[in-house]
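Structure data (CSV, C-alpha atoms) from run13.csv:
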chain,number,residue,atom,x,y,z
A,233,MET,CA,105.0,96.2,189.3
A,234,GLY,CA,103.3,97.8,186.2
A,235,PHE,CA,104.0,96.5,182.7
A,236,GLU,CA,103.1,99.5,180.6
A,237,PRO,CA,104.4,99.1,177.1
A,238,PRO,CA,107.0,101.6,175.9
A,239,GLN,CA,105.8,104.3,173.5
A,240,ARG,CA,108.1,103.0,170.8
A,241,LEU,CA,106.2,99.7,170.9
A,242,VAL,CA,102.8,101.4,171.0
A,243,ARG,CA,103.6,103.6,168.0
A,244,ALA,CA,105.1,100.8,165.9
A,245,LEU,CA,102.2,98.3,166.5
A,246,GLY,CA,99.6,100.9,166.0
A,247,GLU,CA,101.2,101.9,162.7
A,248,ALA,CA,101.3,98.3,161.5
A,249,HIS,CA,98.1,96.8,163.0
A,250,GLY,CA,95.8,99.5,164.1
A,251,GLU,CA,92.8,98.4,166.2
A,252,GLU,CA,94.0,94.9,166.5
A,253,ALA,CA,97.2,96.2,168.1
A,254,ALA,CA,95.3,98.5,170.4
A,255,ASP,CA,93.3,95.6,171.8
A,256,TRP,CA,96.4,93.6,172.5
A,257,LEU,CA,98.3,96.5,174.0
A,258,GLY,CA,95.3,97.1,176.3
A,259,ARG,CA,95.6,93.6,177.6
A,260,LEU,CA,99.4,93.5,177.7
A,261,PRO,CA,99.9,94.5,181.4
A,262,ASP,CA,97.7,91.5,182.5
A,263,ILE,CA,99.3,89.2,180.0
A,264,ALA,CA,102.8,90.1,181.4
A,265,GLU,CA,101.7,89.8,185.0
A,266,GLN,CA,100.3,86.3,184.4
A,267,ALA,CA,103.5,85.2,182.5
A,268,VAL,CA,105.7,86.4,185.3
A,269,SER,CA,103.6,84.7,188.0
A,270,ARG,CA,103.3,81.5,186.1
A,271,ARG,CA,107.1,81.1,185.8
A,272,LYS,CA,107.7,82.5,189.3
A,273,LEU,CA,110.1,85.1,187.9
A,274,THR,CA,111.5,88.1,189.7
A,275,VAL,CA,111.0,91.3,187.7
A,276,GLU,CA,113.8,93.8,187.4
A,277,ARG,CA,112.4,96.2,184.8
A,278,VAL,CA,110.7,96.6,181.4
A,279,GLN,CA,113.3,97.2,178.7
A,280,ALA,CA,113.0,100.7,177.2
A,281,PRO,CA,112.8,102.0,174.6
A,282,GLY,CA,112.6,98.3,173.7
A,283,GLY,CA,111.6,96.9,170.3
A,284,ARG,CA,108.9,97.6,167.8
A,285,SER,CA,107.0,94.3,168.0
A,286,SER,CA,107.2,93.0,171.5
A,287,LEU,CA,107.5,93.8,175.2
A,288,VAL,CA,110.8,92.7,176.8
A,289,VAL,CA,111.0,92.4,180.6
A,290,LEU,CA,114.3,91.8,182.3
A,291,VAL,CA,113.8,89.1,185.0
A,292,ARG,CA,115.5,86.6,187.2
A,293,GLN,CA,114.6,82.9,187.3
A,294,GLN,CA,114.0,81.1,190.6
A,295,ASP,CA,117.7,80.2,190.9
A,296,GLY,CA,118.7,83.8,190.3
A,297,THR,CA,119.8,83.3,186.7
A,298,PRO,CA,119.1,86.5,184.7
A,299,ALA,CA,116.8,86.1,181.7
A,300,ALA,CA,114.6,88.2,179.4
A,301,LEU,CA,110.9,87.5,179.0
A,302,LYS,CA,109.7,88.5,175.6
A,303,ILE,CA,105.9,88.9,175.0
A,304,ALA,CA,104.7,89.4,171.4
A,305,PRO,CA,101.2,89.7,169.8
A,306,PRO,CA,100.1,86.9,167.4
A,307,THR,CA,100.7,89.2,164.4
A,308,ALA,CA,104.4,89.0,165.2
A,309,ARG,CA,104.3,85.2,164.9
A,310,PRO,CA,106.2,84.4,168.1
A,311,ASP,CA,105.5,80.7,167.3
A,312,LEU,CA,107.8,81.0,164.3
A,313,GLU,CA,110.4,82.9,166.2
A,314,ARG,CA,110.3,80.1,168.9
A,315,ALA,CA,110.7,77.4,166.3
A,316,ALA,CA,113.7,79.1,164.7
A,317,LEU,CA,115.4,79.7,168.0
A,318,ALA,CA,114.8,76.2,169.1
A,319,HIS,CA,116.3,74.9,165.9
A,320,TRP,CA,119.4,77.1,166.2
A,321,ASN,CA,119.7,76.0,169.8
A,322,GLY,CA,122.0,78.9,170.7
A,323,TRP,CA,124.2,78.5,167.7
A,324,GLY,CA,124.7,82.1,166.6
A,325,ALA,CA,121.5,83.2,168.2
A,326,VAL,CA,120.0,83.9,171.6
A,327,GLN,CA,119.2,80.8,173.6
A,328,LEU,CA,115.6,79.8,174.3
A,329,LEU,CA,115.2,78.8,177.9
A,330,ASP,CA,111.8,77.2,178.1
A,331,ASP,CA,109.3,75.1,176.2
A,332,THR,CA,106.1,77.0,177.0
A,333,ASP,CA,103.1,76.5,174.7
A,334,VAL,CA,104.1,78.0,171.3
A,335,HIS,CA,100.7,79.8,171.0
A,336,SER,CA,101.2,81.8,174.2
A,337,GLY,CA,103.3,84.5,172.6
A,338,GLU,CA,105.9,84.3,175.4
A,339,LEU,CA,109.5,83.5,175.0
A,340,LEU,CA,111.9,83.2,178.0
A,341,LEU,CA,115.4,84.0,176.6
A,342,GLU,CA,118.9,84.2,177.9
A,343,ARG,CA,119.8,87.7,179.0
A,344,LEU,CA,122.0,89.6,176.6
A,345,HIS,CA,123.4,93.1,176.8
A,346,SER,CA,120.7,94.9,175.0
A,347,GLU,CA,122.5,98.3,175.2
A,348,VAL,CA,125.4,96.9,173.2
A,349,SER,CA,124.8,95.9,169.6
A,350,LEU,CA,127.1,95.7,166.6
A,351,ARG,CA,126.1,99.3,165.8
A,352,SER,CA,128.5,100.2,168.7
A,353,LEU,CA,131.5,99.1,166.6
A,354,PRO,CA,133.2,100.9,163.7
A,355,GLU,CA,131.5,100.1,160.5
A,356,ALA,CA,134.1,97.7,159.0
A,357,LYS,CA,134.4,95.7,162.2
A,358,ALA,CA,130.6,95.6,162.6
A,359,LEU,CA,130.1,94.2,159.1
A,360,LEU,CA,132.8,91.6,159.6
A,361,GLU,CA,131.2,90.4,162.9
A,362,ALA,CA,127.8,90.4,161.3
A,363,ALA,CA,128.9,88.3,158.4
A,364,GLY,CA,130.3,85.7,160.9
A,365,ILE,CA,127.1,85.5,162.8
A,366,VAL,CA,124.7,85.3,159.9
A,367,ARG,CA,126.7,82.6,158.3
A,368,ARG,CA,126.0,80.4,161.4
A,369,LEU,CA,122.3,80.9,161.1
A,370,TRP,CA,122.0,79.6,157.5
A,371,ILE,CA,121.3,75.9,158.2
A,372,GLU,CA,118.8,73.4,156.9
A,373,PRO,CA,115.3,74.1,158.3
A,374,PRO,CA,113.7,71.5,160.6
A,375,PRO,CA,111.5,68.8,159.0
A,376,GLY,CA,107.8,69.7,158.7
A,377,HIS,CA,108.5,73.4,159.5
A,378,ALA,CA,105.8,76.1,159.1
A,379,PHE,CA,108.1,78.9,157.8
A,380,GLU,CA,107.0,80.7,154.7
A,381,THR,CA,109.4,81.0,151.7
A,382,VAL,CA,111.1,84.0,150.4
A,383,ALA,CA,108.9,83.8,147.3
A,384,GLU,CA,105.7,83.8,149.5
A,385,ARG,CA,106.8,86.7,151.7
A,386,THR,CA,107.9,88.9,148.9
A,387,ALA,CA,104.8,88.2,146.9
A,388,ARG,CA,102.8,89.7,149.8
A,389,GLN,CA,105.2,92.6,150.1
A,390,ALA,CA,105.1,93.3,146.3
A,391,GLU,CA,101.3,94.0,146.2
A,392,PRO,CA,101.4,97.4,147.9
A,393,LEU,CA,104.2,98.5,145.6
A,394,ARG,CA,101.9,98.2,142.6
A,395,SER,CA,99.8,101.1,144.0
A,396,ALA,CA,102.8,103.3,145.1
A,397,ASP,CA,103.2,106.9,144.2
A,398,PRO,CA,103.5,107.2,140.3
A,399,SER,CA,106.6,109.3,140.8
A,400,LEU,CA,108.4,106.2,142.1
A,401,ALA,CA,107.4,104.1,139.1
A,402,PRO,CA,110.9,103.5,137.7
A,403,LEU,CA,112.3,102.3,141.0
A,404,VAL,CA,109.2,100.2,141.8
A,405,GLU,CA,109.3,98.6,138.4
A,406,ALA,CA,113.0,97.8,138.7
A,407,ALA,CA,112.4,96.3,142.2
A,408,LEU,CA,109.4,94.2,141.0
A,409,ALA,CA,111.3,92.9,138.0
A,410,ALA,CA,114.3,92.0,140.2
A,411,ARG,CA,112.0,90.1,142.6
A,412,ASP,CA,110.3,88.2,139.7
A,413,GLU,CA,113.6,87.2,138.2
A,414,LEU,CA,115.1,86.1,141.6
A,415,THR,CA,112.1,84.0,142.7
A,416,ALA,CA,112.0,82.3,139.4
A,417,SER,CA,115.4,80.8,139.8
A,418,ASP,CA,115.9,80.5,143.6
A,419,ALA,CA,117.1,77.0,144.5
A,420,GLU,CA,118.3,77.5,148.1
A,421,LEU,CA,116.0,76.6,151.0
A,422,LEU,CA,117.9,77.5,154.1
A,423,LEU,CA,116.6,78.8,157.4
A,424,LEU,CA,117.0,82.6,157.3
A,425,HIS,CA,116.8,85.2,160.1
A,426,GLY,CA,114.5,87.4,157.9
A,427,ASN,CA,115.4,90.8,159.5
A,428,PHE,CA,119.2,90.5,160.0
A,429,ARG,CA,121.1,93.8,160.6
A,430,GLN,CA,123.6,95.2,163.0
A,431,GLY,CA,121.0,96.2,165.6
A,432,LYS,CA,119.8,92.6,165.7
A,433,VAL,CA,123.1,91.3,167.0
A,434,LEU,CA,123.7,91.9,170.7
A,435,ALA,CA,126.7,91.3,173.0
A,436,GLY,CA,126.4,88.2,175.2
A,437,ASP,CA,128.3,86.4,178.0
A,438,ARG,CA,128.1,82.9,176.5
A,439,ALA,CA,129.4,84.2,173.2
A,440,PRO,CA,130.6,87.7,172.2
A,441,TRP,CA,127.7,88.3,169.8
A,442,LEU,CA,124.3,86.7,169.3
A,443,ALA,CA,121.5,87.3,166.9
A,444,VAL,CA,118.0,88.2,168.3
A,445,GLY,CA,114.6,89.1,166.9
A,446,PRO,CA,114.3,86.8,163.9
A,447,GLU,CA,111.4,87.0,161.5
A,448,PRO,CA,112.3,83.5,160.1
A,449,LEU,CA,111.6,82.1,156.6
A,450,VAL,CA,113.3,79.8,154.2
A,451,GLY,CA,115.1,80.6,151.0
A,452,GLU,CA,118.4,81.9,149.7
A,453,ARG,CA,121.1,83.6,151.6
A,454,ALA,CA,121.2,86.6,149.4
A,455,TYR,CA,117.8,87.7,150.6
A,456,ASP,CA,118.9,87.6,154.3
A,457,LEU,CA,122.1,89.5,153.5
A,458,ALA,CA,120.3,92.2,151.6
A,459,ARG,CA,119.0,94.0,154.8
A,460,LEU,CA,122.5,94.1,156.2
A,461,VAL,CA,123.8,95.9,153.0
A,462,ARG,CA,121.9,99.1,153.8
A,463,ASP,CA,122.8,99.3,157.5
A,464,ARG,CA,123.7,102.8,158.6
A,465,VAL,CA,122.0,104.1,155.5
A,466,GLU,CA,121.9,107.6,157.0
A,467,ASP,CA,125.7,107.7,157.1
A,468,LEU,CA,125.9,106.5,153.5
A,469,VAL,CA,123.5,109.1,152.3
A,470,ALA,CA,125.3,111.9,154.2
A,471,SER,CA,128.7,110.9,152.8
A,472,THR,CA,130.1,112.3,149.5
A,473,GLY,CA,130.8,108.9,148.1
A,474,GLY,CA,127.7,107.2,149.3
A,475,ALA,CA,126.6,105.7,146.0
A,476,SER,CA,130.0,104.0,145.2
A,477,ALA,CA,130.3,102.9,148.9
A,478,ALA,CA,126.9,101.2,148.7
A,479,ARG,CA,127.9,99.3,145.6
A,480,ARG,CA,131.2,98.3,147.1
A,481,ARG,CA,129.4,97.0,150.2
A,482,VAL,CA,127.2,94.8,148.0
A,483,ASN,CA,130.3,93.3,146.4
A,484,LYS,CA,132.3,93.0,149.6
A,485,LEU,CA,129.6,91.2,151.5
A,486,ALA,CA,128.7,88.9,148.6
A,487,ASP,CA,132.3,87.9,148.2
A,488,SER,CA,132.9,87.4,151.9
A,489,LEU,CA,130.0,85.0,152.2
A,490,ASP,CA,130.2,83.3,148.8
A,491,VAL,CA,126.9,84.8,147.6
A,492,ASP,CA,126.2,85.8,144.0
A,493,ARG,CA,126.8,89.5,143.6
A,494,ALA,CA,123.9,90.0,141.1
A,495,ARG,CA,121.4,88.2,143.4
A,496,LEU,CA,122.5,90.2,146.4
A,497,HIS,CA,122.2,93.4,144.3
A,498,GLY,CA,118.7,92.4,143.2
A,499,TRP,CA,117.4,91.6,146.7
A,500,THR,CA,119.0,94.7,148.2
A,501,LEU,CA,117.1,96.8,145.6
A,502,PHE,CA,113.8,95.1,146.2
A,503,ARG,CA,114.0,95.2,150.0
A,504,ALA,CA,115.1,98.9,150.0
A,505,VAL,CA,112.3,100.0,147.7
A,506,GLU,CA,109.7,97.9,149.6
A,507,SER,CA,110.8,99.4,152.9
A,508,GLY,CA,110.9,102.9,151.5
A,509,VAL,CA,107.4,102.7,150.1
A,510,ARG,CA,106.1,101.2,153.3
A,511,ALA,CA,107.7,104.0,155.4
A,512,SER,CA,106.2,106.6,153.1
A,513,ALA,CA,102.7,105.1,153.5
A,514,ALA,CA,103.1,105.2,157.3
A,515,GLY,CA,104.1,108.8,157.2
A,516,ARG,CA,107.8,108.2,158.1
A,517,HIS,CA,108.9,110.5,155.2
A,518,GLN,CA,112.5,111.0,156.3
A,519,ASP,CA,113.1,107.2,156.5
A,520,ALA,CA,111.4,106.8,153.1
A,521,GLU,CA,113.6,109.4,151.5
A,522,LEU,CA,116.8,107.8,152.8
A,523,LEU,CA,115.8,104.3,151.7
A,524,LEU,CA,114.6,105.4,148.2
A,525,GLU,CA,117.7,107.5,147.6
A,526,PHE,CA,119.8,104.4,148.6
A,527,ALA,CA,117.8,102.2,146.3
A,528,GLY,CA,118.4,104.7,143.4
A,529,TRP,CA,122.1,104.2,143.7
A,530,LEU,CA,122.0,100.5,143.1
Could you spell out this file's structure in structure tokens?
Amino acid sequence: MGFEPPQRLVRALGEAHGEEAADWLGRLPDIAEQAVSRRKLTVERVQAPGGRSSLVVLVRQQDGTPAALKIAPPTARPDLERAALAHWNGWGAVQLLDDTDVHSGELLLERLHSEVSLRSLPEAKALLEAAGIVRRLWIEPPPGHAFETVAERTARQAEPLRSADPSLAPLVEAALAARDELTASDAELLLLHGNFRQGKVLAGDRAPWLAVGPEPLVGERAYDLARLVRDRVEDLVASTGGASAARRRVNKLADSLDVDRARLHGWTLFRAVESGVRASAAGRHQDAELLLEFAGWL
């Protein structure tokens, strides 16, 4: 069968990586064909609309067991995703099913119900379930790991902020100041998901909910929790009490997971501003407006 990448993947990789992504996408059908053949998998279908950084093919193994074959470009660091999933070993996260060469960019994973994420639940229930899952992921990293730290990742992310639209200067300055203060005093070095939100937690058979799609790094829990705070931001912005609801969410999540409120507030601000500026630069102006309005409430 054909392995044409979904348009969502084409747009997202093109936006983030340009010509490098175009080259990989051009080779992707052959890469997928070889991966399926090498593992003697039976293909059911390509998952669509799929994700923004990888192709996911729903397959069956030789014994008939359903699985998902994930194929990602080197820029997505599938080697680090593999290392994190192997270390979690199914505890709160999707189970890795093979030990293929980490440089291949291919991950064979247990099949989850991709059409059912925590976003299908009412907000309060979704946040409660998300808190239970993310708590499981926060463990000591493996010895000799290659994960970057929160300080390293956010240092890279901070650079584009310094040349952002001058009209955003107050927000950008506040975000950069928060980041500098937080990284100067961070003592935790736990394994983090890196992109944890409701849409990254899917329904499973082995467990009710399991995390997928990590962008792993090591650091403090407040950084990981910060992305969850702004989930369903479009609903918050549309509501009359969005600003107070956002601040209450910071406090509620911090308290439920024994995370310092001020640190969660600071990381939520930095991550929202960074995402908003990045969305604006990519031409996703509606996303940028939502994120920056949310950041302005904090």
Atom-to-atom span, atom CA of Ile303 of chain A and atom CA of Arg368 of chain A, Å: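 Atom CA of Ile303 of chain A sits 25.7 Å away from atom CA of Arg368 of chain A.
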With 6 Å as the cut-off and all atoms listed in the file counted, what is the closest atom pair between each nearby residue of segment 485-515 of chain A and segment 406-418 of chain A? Distances in Å to one decimal, ordered by chain and number, as a tab-separated table.
residue	atom	partner	partner_atom	distance
A:Gly498	CA	A:Ala410	CA	5.3
A:Leu501	CA	A:Ala407	CA	5.8
A:Phe502	CA	A:Ala407	CA	4.4
Could you list, as JSON, numbers by chain, every residue within 10 Å of Trp320 of chain A, counting all atoms listed in the file and ignoring same-chain residues fewer than 6 positions away? {"A": [314, 326, 327, 328, 368, 369, 370, 371, 373, 374, 423]}
Polymer residues at most 9 Å from Ala280 of chain A, all atoms listed in the file, same-chain spacing of 2 or more positions, as a list in words: Pro237, Pro238, Gln239, Arg240, Arg277, Val278, Gly282, Gly283 and Val288 of chain A
Would you kindly return, as JSON, numbers by chain, each protein, DNA or RNA residue with an atom no farther than 10 Å from any atom of Gln430 of chain A, considering all atoms listed in the file and excluding same-chain residues fewer than 6 positions away? {"A": [349, 350, 351, 352, 353, 355, 358, 359, 361, 362, 363, 443, 459, 460, 463, 464]}
Can you pull out every residue within 12 Å of Ala419 of chain A, counting all atoms listed in the file, but drop anything in the same chain fewer than 6 positions away, and send it as a ChimeraX atom specification? /A:381-383,450-454
Do a neighbour search on Val242 of chain A at 12 Å with all atoms listed in the file, toss out local chain neighbours closer than 2 positions, and write the hits as a PyMOL selection string. chain A and resi 236-240+244-258+260+280-287+305
To one decimal place, how far is atom CA of Leu301 of chain A from atom CA of Leu340 of chain A in Å?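 Atom CA of Leu301 of chain A sits 4.5 Å away from atom CA of Leu340 of chain A.
Distance-wise, atom CA of Pro448 of chain A and atom CA of Ala477 of chain A end up 28.7 Å apart.
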Protein and nucleic acid residues near (115.0, 101.6, 142.1) (cut-off 12 Å, only C-alpha atoms) as a PyMOL selection string: chain A and resi 393+399-411+497-509+523-530
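Nearest-residue note for Leu339 of chain A: choosing from A:Val289, A:Ala387, A:Val469, A:Val491, the minimum distance belongs to A:Val289, counting all atoms listed in the file.
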